[in-house]
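Pasted below: my_file27.cif, mmCIF, C-alpha atoms.
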```cif
data_input
loop_
_atom_site.group_PDB
_atom_site.id
_atom_site.type_symbol
_atom_site.label_atom_id
_atom_site.label_comp_id
_atom_site.auth_asym_id
_atom_site.auth_seq_id
_atom_site.Cartn_x
_atom_site.Cartn_y
_atom_site.Cartn_z
ATOM 1 C CA MET A 93 -2.630 10.716 4.683
ATOM 2 C CA ASP A 94 -5.983 10.452 2.950
ATOM 3 C CA SER A 95 -6.919 12.616 -0.002
ATOM 4 C CA ASN A 96 -9.995 14.833 -0.158
ATOM 5 C CA PRO A 97 -11.296 14.217 -3.677
ATOM 6 C CA SER A 98 -13.915 16.494 -5.100
ATOM 7 C CA SER A 99 -15.946 13.906 -6.989
ATOM 8 C CA ALA A 100 -17.169 10.348 -6.672
ATOM 9 C CA GLU A 101 -14.743 9.288 -9.392
ATOM 10 C CA THR A 102 -11.793 10.185 -7.186
ATOM 11 C CA ALA A 103 -13.150 8.924 -3.890
ATOM 12 C CA PRO A 104 -10.936 6.671 -1.747
ATOM 13 C CA GLY A 105 -10.890 3.227 -3.283
ATOM 14 C CA SER A 106 -11.434 4.610 -6.778
ATOM 15 C CA ILE A 107 -9.208 3.297 -9.518
ATOM 16 C CA TYR A 108 -8.875 6.856 -10.815
ATOM 17 C CA VAL A 109 -6.370 9.473 -9.737
ATOM 18 C CA SER A 110 -7.808 12.916 -9.011
ATOM 19 C CA SER A 111 -7.458 15.379 -11.862
ATOM 20 C CA ALA A 112 -5.893 17.772 -9.349
ATOM 21 C CA VAL A 113 -2.840 15.528 -8.928
ATOM 22 C CA THR A 114 0.171 17.117 -10.598
ATOM 23 C CA ASN A 115 2.997 15.089 -9.086
ATOM 24 C CA ALA A 116 3.646 11.373 -8.762
ATOM 25 C CA ALA A 117 6.493 9.575 -7.042
ATOM 26 C CA LYS A 118 7.639 5.988 -7.359
ATOM 27 C CA ILE A 119 8.733 4.260 -4.156
ATOM 28 C CA LEU A 120 10.115 0.734 -3.907
ATOM 29 C CA VAL A 121 9.218 -1.551 -1.007
ATOM 30 C CA VAL A 122 12.040 -4.058 -0.810
ATOM 31 C CA GLY A 123 13.412 -6.735 1.451
ATOM 32 C CA HIS A 124 14.356 -10.371 1.606
ATOM 33 C CA PHE A 125 12.008 -13.290 1.074
ATOM 34 C CA ALA A 126 8.948 -13.426 3.368
ATOM 35 C CA VAL A 127 9.648 -10.178 5.192
ATOM 36 C CA GLY A 128 6.183 -8.675 4.678
ATOM 37 C CA LYS A 129 6.386 -6.541 1.517
ATOM 38 C CA THR A 130 3.055 -7.710 0.070
ATOM 39 C CA THR A 131 1.349 -7.216 3.426
ATOM 40 C CA PHE A 132 2.890 -3.743 3.831
ATOM 41 C CA ILE A 133 1.635 -2.496 0.461
ATOM 42 C CA GLY A 134 -1.769 -4.065 1.080
ATOM 43 C CA SER A 135 -2.100 -2.237 4.393
ATOM 44 C CA LEU A 136 -1.479 1.170 2.768
ATOM 45 C CA SER A 137 -2.870 1.032 -0.739
ATOM 46 C CA GLU A 138 -6.041 3.043 -1.371
ATOM 47 C CA ILE A 139 -6.821 0.803 -4.339
ATOM 48 C CA THR A 140 -7.046 -2.954 -4.423
ATOM 49 C CA PRO A 141 -3.332 -3.769 -4.749
ATOM 50 C CA LEU A 142 -2.009 -5.628 -7.749
ATOM 51 C CA ARG A 143 -0.414 -8.834 -6.546
ATOM 52 C CA THR A 144 1.444 -11.503 -8.472
ATOM 53 C CA GLU A 145 1.475 -14.187 -5.834
ATOM 54 C CA GLU A 146 1.621 -17.860 -6.686
ATOM 55 C CA LYS A 147 1.326 -20.922 -4.500
ATOM 56 C CA MET A 148 4.619 -22.304 -3.342
ATOM 57 C CA THR A 149 5.340 -25.774 -4.637
ATOM 58 C CA GLN A 150 7.564 -28.671 -3.683
ATOM 59 C CA ALA A 151 10.062 -27.462 -6.297
ATOM 60 C CA SER A 152 10.727 -24.301 -4.287
ATOM 61 C CA LEU A 153 11.446 -26.072 -1.025
ATOM 62 C CA HIS A 154 15.126 -26.473 -1.891
ATOM 63 C CA VAL A 155 15.370 -22.879 -3.169
ATOM 64 C CA ASP A 156 13.423 -20.696 -0.746
ATOM 65 C CA ASP A 157 14.490 -20.629 2.896
ATOM 66 C CA LEU A 158 11.372 -21.089 5.017
ATOM 67 C CA ARG A 159 13.097 -20.918 8.390
ATOM 68 C CA GLY A 160 10.886 -18.850 10.662
ATOM 69 C CA VAL A 161 8.089 -18.640 8.066
ATOM 70 C CA THR A 162 7.026 -22.260 7.729
ATOM 71 C CA ASP A 163 3.355 -21.286 7.358
ATOM 72 C CA LYS A 164 4.038 -19.246 4.194
ATOM 73 C CA ALA A 165 2.027 -20.710 1.307
ATOM 74 C CA THR A 166 2.445 -18.102 -1.474
ATOM 75 C CA THR A 167 5.244 -15.978 -2.881
ATOM 76 C CA THR A 168 5.491 -12.916 -5.124
ATOM 77 C CA VAL A 169 6.820 -13.810 -8.567
ATOM 78 C CA ALA A 170 6.827 -10.414 -10.298
ATOM 79 C CA LEU A 171 5.746 -7.396 -8.260
ATOM 80 C CA ASP A 172 3.225 -5.850 -5.908
ATOM 81 C CA PHE A 173 1.692 -2.493 -6.778
ATOM 82 C CA GLY A 174 -0.314 -0.046 -4.708
ATOM 83 C CA ARG A 175 -1.229 3.621 -4.708
ATOM 84 C CA LEU A 176 -1.416 6.179 -1.931
ATOM 85 C CA THR A 177 -2.564 9.775 -2.392
ATOM 86 C CA LEU A 178 -0.704 12.029 0.033
ATOM 87 C CA SER A 179 -2.358 15.314 -0.907
ATOM 88 C CA ASP A 180 -4.515 16.897 -3.590
ATOM 89 C CA GLU A 181 -1.374 17.296 -5.701
ATOM 90 C CA LEU A 182 0.798 14.280 -4.851
ATOM 91 C CA VAL A 183 0.341 10.544 -5.254
ATOM 92 C CA LEU A 184 2.774 7.767 -4.368
ATOM 93 C CA TYR A 185 3.059 4.594 -6.411
ATOM 94 C CA LEU A 186 4.355 1.708 -4.326
ATOM 95 C CA PHE A 187 6.191 -1.121 -6.063
ATOM 96 C CA GLY A 188 7.070 -4.253 -4.114
ATOM 97 C CA THR A 189 9.926 -6.379 -5.418
ATOM 98 C CA PRO A 190 10.340 -10.161 -5.054
ATOM 99 C CA GLY A 191 12.826 -11.073 -2.367
ATOM 100 C CA GLN A 192 14.419 -14.172 -3.865
ATOM 101 C CA GLN A 193 17.705 -14.028 -5.728
ATOM 102 C CA ARG A 194 16.228 -15.701 -8.815
ATOM 103 C CA PHE A 195 14.030 -12.644 -9.415
ATOM 104 C CA MET A 196 16.786 -10.067 -9.128
ATOM 105 C CA GLN A 197 16.769 -9.440 -12.898
ATOM 106 C CA LEU A 198 13.493 -7.556 -12.358
ATOM 107 C CA TRP A 199 15.250 -4.930 -10.280
ATOM 108 C CA GLU A 200 16.675 -2.926 -13.166
ATOM 109 C CA ASP A 201 13.232 -2.027 -14.480
ATOM 110 C CA MET A 202 11.747 -1.647 -11.015
ATOM 111 C CA ALA A 203 14.476 0.725 -9.832
ATOM 112 C CA ARG A 204 14.259 2.978 -12.890
ATOM 113 C CA GLY A 205 12.654 6.277 -11.906
ATOM 114 C CA ALA A 206 12.272 5.361 -8.220
ATOM 115 C CA LEU A 207 12.918 8.163 -5.722
ATOM 116 C CA GLY A 208 13.909 5.780 -2.969
ATOM 117 C CA ALA A 209 13.275 2.493 -1.223
ATOM 118 C CA LEU A 210 11.789 1.374 2.057
ATOM 119 C CA LEU A 211 13.762 -1.688 3.065
ATOM 120 C CA LEU A 212 11.845 -4.076 5.313
ATOM 121 C CA VAL A 213 13.925 -6.330 7.542
ATOM 122 C CA ASP A 214 13.171 -9.171 9.905
ATOM 123 C CA PRO A 215 15.655 -8.694 12.767
ATOM 124 C CA ALA A 216 15.775 -12.449 13.321
ATOM 125 C CA ARG A 217 17.106 -12.901 9.762
ATOM 126 C CA LEU A 218 19.305 -9.854 9.281
ATOM 127 C CA GLU A 219 21.897 -11.788 7.286
ATOM 128 C CA GLU A 220 19.364 -12.101 4.455
ATOM 129 C CA THR A 221 19.198 -8.313 4.170
ATOM 130 C CA PHE A 222 22.753 -7.752 2.923
ATOM 131 C CA PRO A 223 22.129 -8.771 -0.719
ATOM 132 C CA VAL A 224 19.137 -6.423 -0.814
ATOM 133 C CA ILE A 225 21.156 -3.524 0.610
ATOM 134 C CA ASP A 226 23.813 -4.195 -2.028
ATOM 135 C CA LEU A 227 21.169 -3.952 -4.768
ATOM 136 C CA VAL A 228 19.610 -0.782 -3.386
ATOM 137 C CA GLU A 229 22.980 0.911 -3.040
ATOM 138 C CA GLY A 230 24.101 -0.442 -6.413
ATOM 139 C CA TYR A 231 21.198 1.366 -8.077
ATOM 140 C CA GLY A 232 21.997 4.535 -6.150
ATOM 141 C CA LEU A 233 18.713 4.620 -4.257
ATOM 142 C CA GLU A 234 18.274 6.429 -0.971
ATOM 143 C CA TYR A 235 16.579 4.188 1.578
ATOM 144 C CA ALA A 236 15.198 3.816 5.072
ATOM 145 C CA ILE A 237 15.059 0.661 7.184
ATOM 146 C CA ALA A 238 11.722 -0.565 8.527
ATOM 147 C CA VAL A 239 12.084 -3.297 11.140
ATOM 148 C CA ASN A 240 9.076 -5.593 10.748
ATOM 149 C CA SER A 241 9.533 -7.904 13.696
ATOM 150 C CA PHE A 242 7.905 -11.312 13.661
ATOM 151 C CA GLN A 243 8.833 -11.767 17.321
ATOM 152 C CA PRO A 244 6.871 -9.061 19.187
ATOM 153 C CA ASP A 245 8.108 -10.336 22.540
ATOM 154 C CA ARG A 246 11.725 -9.614 21.557
ATOM 155 C CA ASN A 247 13.012 -6.058 21.574
ATOM 156 C CA TYR A 248 15.698 -5.210 19.040
ATOM 157 C CA GLU A 249 17.489 -1.989 19.866
ATOM 158 C CA GLU A 250 18.139 0.450 17.034
ATOM 159 C CA THR A 251 21.853 0.355 17.791
ATOM 160 C CA GLU A 252 21.821 -3.436 17.343
ATOM 161 C CA VAL A 253 20.174 -3.143 13.943
ATOM 162 C CA ARG A 254 22.491 -0.334 12.844
ATOM 163 C CA GLU A 255 25.628 -2.173 13.847
ATOM 164 C CA ALA A 256 24.480 -5.476 12.363
ATOM 165 C CA LEU A 257 23.648 -3.887 8.993
ATOM 166 C CA ASP A 258 26.586 -1.422 9.062
ATOM 167 C CA LEU A 259 24.302 1.519 8.293
ATOM 168 C CA LEU A 260 25.323 5.115 7.748
ATOM 169 C CA PRO A 261 24.420 7.413 10.659
ATOM 170 C CA ASP A 262 21.760 9.282 8.672
ATOM 171 C CA THR A 263 19.947 6.167 7.417
ATOM 172 C CA PRO A 264 16.557 6.145 9.181
ATOM 173 C CA VAL A 265 15.609 3.074 11.204
ATOM 174 C CA VAL A 266 11.957 2.755 12.204
ATOM 175 C CA TYR A 267 9.825 -0.059 13.583
ATOM 176 C CA CYS A 268 6.579 -1.177 12.032
ATOM 177 C CA ASP A 269 3.898 -3.813 11.887
ATOM 178 C CA ALA A 270 3.269 -4.330 8.174
ATOM 179 C CA ARG A 271 -0.287 -5.477 8.921
ATOM 180 C CA ASP A 272 -1.234 -2.148 10.481
ATOM 181 C CA ARG A 273 -2.001 0.847 8.253
ATOM 182 C CA GLN A 274 -0.942 3.492 10.759
ATOM 183 C CA SER A 275 2.291 1.702 11.560
ATOM 184 C CA SER A 276 3.095 1.218 7.867
ATOM 185 C CA ALA A 277 2.319 4.881 7.194
ATOM 186 C CA HIS A 278 4.743 5.893 9.946
ATOM 187 C CA ALA A 279 7.513 3.915 8.241
ATOM 188 C CA LEU A 280 6.726 5.378 4.825
ATOM 189 C CA ILE A 281 6.708 8.917 6.234
ATOM 190 C CA ALA A 282 10.184 8.311 7.664
ATOM 191 C CA LEU A 283 11.436 7.452 4.175
ATOM 192 C CA VAL A 284 9.738 10.466 2.584
ATOM 193 C CA ARG A 285 11.239 12.805 5.194
ATOM 194 C CA HIS A 286 14.666 11.276 4.565
ATOM 195 C CA LEU A 287 14.302 11.803 0.806
ATOM 196 C CA LEU A 288 13.245 15.414 1.330
ATOM 197 C CA ALA A 289 16.174 16.049 3.654
ATOM 198 C CA ARG A 290 18.633 14.569 1.144
ATOM 199 C CA ALA A 291 17.146 16.661 -1.656
ATOM 200 C CA ALA A 292 17.349 19.903 0.328
#
```
Whole structure, structure tokens version:
Amino acid sequence: MDSNPSSAETAPGSIYVSSAVTNAAKILVVGHFAVGKTTFIGSLSEITPLRTEEKMTQASLHVDDLRGVTDKATTTVALDFGRLTLSDELVLYLFGTPGQQRFMQLWEDMARGALGALLLVDPARLEETFPVIDLVEGYGLEYAIAVNSFQPDRNYEETEVREALDLLPDTPVVYCDARDRQSSAHALIALVRHLLARAA
């Protein structure tokens, strides 16, 4: 999934997009609070990702549910942004959305022009995914589910996830570790293949 730029200016890690690139696609990385969106984009982005994380304060303790993520010290307050060049002609722009309800007003701008969404879920907190699914479907976005399990010793069957989230049969469900580039790439590829199949 790495590009083969022809000059130093377009080498991996460069802030510049190759002059050969003729197509760009906007993909949303979404999910509930503390599901791993920032980590996912950071694992894939070929540039230093833009992050708008702030330290969590006492004021957020009664607003943000920290069950299962008690060691979380920061939270995204606007967006995450990363870039991934898929070929000499195509680049993906990855936009991560905040997971808390109080930031949902950002979704309208974020969803505009997006081809689809990769929806990260923590299978131990599936009930927190429903509001996000409602938003994604409300904006008419095609999506794939990426199960980012925080309990590696627990196996969650695909049928369990599908039934719990009431997914359509053709909605892809993949498993990933948002910290691992190859695993994250596998999840993103599943979304891209789904989008191509729906467009065919």
CA of Thr130 (chain A) to CA of Ser179 (chain A), distance in Å rounded to a single decimal: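 If I compute the distance from CA of Thr130 (chain A) to CA of Ser179 (chain A), I get 23.7 Å.
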Quick one: apply the PyMOL selection byres ((chain A and resi 264-277) around 6) to the file and drop the selected residues here as a ChimeraX atom specification. /A:131-132,135-136,236-240,263,278-280
Would you kindly return, as a PDB file with C-alpha atoms, keeping the file's coordinate frame, each protein, DNA or RNA residue with an atom no farther than 9 Å from any atom of region 197-203 of chain A, considering only C-alpha atoms and excluding same-chain residues fewer than 5 positions away?
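The resulting file, out_3.pdb, is shown below:
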```
ATOM      1  CA  LYS A 118       7.639   5.988  -7.359  1.00  0.00           C
ATOM      2  CA  ILE A 119       8.733   4.260  -4.156  1.00  0.00           C
ATOM      3  CA  LEU A 120      10.115   0.734  -3.907  1.00  0.00           C
ATOM      4  CA  ALA A 170       6.827 -10.414 -10.298  1.00  0.00           C
ATOM      5  CA  LEU A 171       5.746  -7.396  -8.260  1.00  0.00           C
ATOM      6  CA  PHE A 187       6.191  -1.121  -6.063  1.00  0.00           C
ATOM      7  CA  GLY A 188       7.070  -4.253  -4.114  1.00  0.00           C
ATOM      8  CA  THR A 189       9.926  -6.379  -5.418  1.00  0.00           C
ATOM      9  CA  PRO A 190      10.340 -10.161  -5.054  1.00  0.00           C
ATOM     10  CA  GLY A 208      13.909   5.780  -2.969  1.00  0.00           C
ATOM     11  CA  ALA A 209      13.275   2.493  -1.223  1.00  0.00           C
ATOM     12  CA  LEU A 227      21.169  -3.952  -4.768  1.00  0.00           C
ATOM     13  CA  VAL A 228      19.610  -0.782  -3.386  1.00  0.00           C
ATOM     14  CA  TYR A 231      21.198   1.366  -8.077  1.00  0.00           C
ATOM     15  CA  LEU A 233      18.713   4.620  -4.257  1.00  0.00           C
TER      16      LEU A 233
END
```
What gap, in Å, lies between CA of Leu178 (chain A) and CA of Glu138 (chain A)? 10.5 Å
Just the number, please: distance in Å from CA of Ile281 (chain A) to CA of Ala126 (chain A), one decimal.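 According to the coordinates, CA of Ile281 (chain A) and CA of Ala126 (chain A) are separated by 22.6 Å.
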Hey, which of A:Arg290, A:Arg204, A:Arg246, A:Arg217 ends up closest to Glu234 (chain A)? Count all atoms listed in the file.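 Nearest to Glu234 (chain A): A:Arg290.
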Among the residues A:Tyr108, A:Phe242, A:Tyr185, A:Phe173, the one that comes closest to Leu212 (chain A) [using only C-alpha atoms]: A:Phe242
Under the rule that only C-alpha atoms are counted, which of A:Leu218, A:Pro223, A:Ala282, A:Val127 is the nearest residue to Glu255 (chain A)?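 Of A:Leu218, A:Pro223, A:Ala282, A:Val127, the one nearest Glu255 (chain A) is A:Leu218, counting only C-alpha atoms.
Using all atoms listed in the file, the nearest neighbour of His124 (chain A) within the list A:Phe222, A:Ala256, A:Arg175, A:Glu249 is A:Phe222.
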Protein/DNA/RNA residues near (-5.0, 13.1, -12.9), cut 12 Å, only C-alpha atoms, as a ChimeraX atom specification: /A:97,101-102,107-116,177,180-183
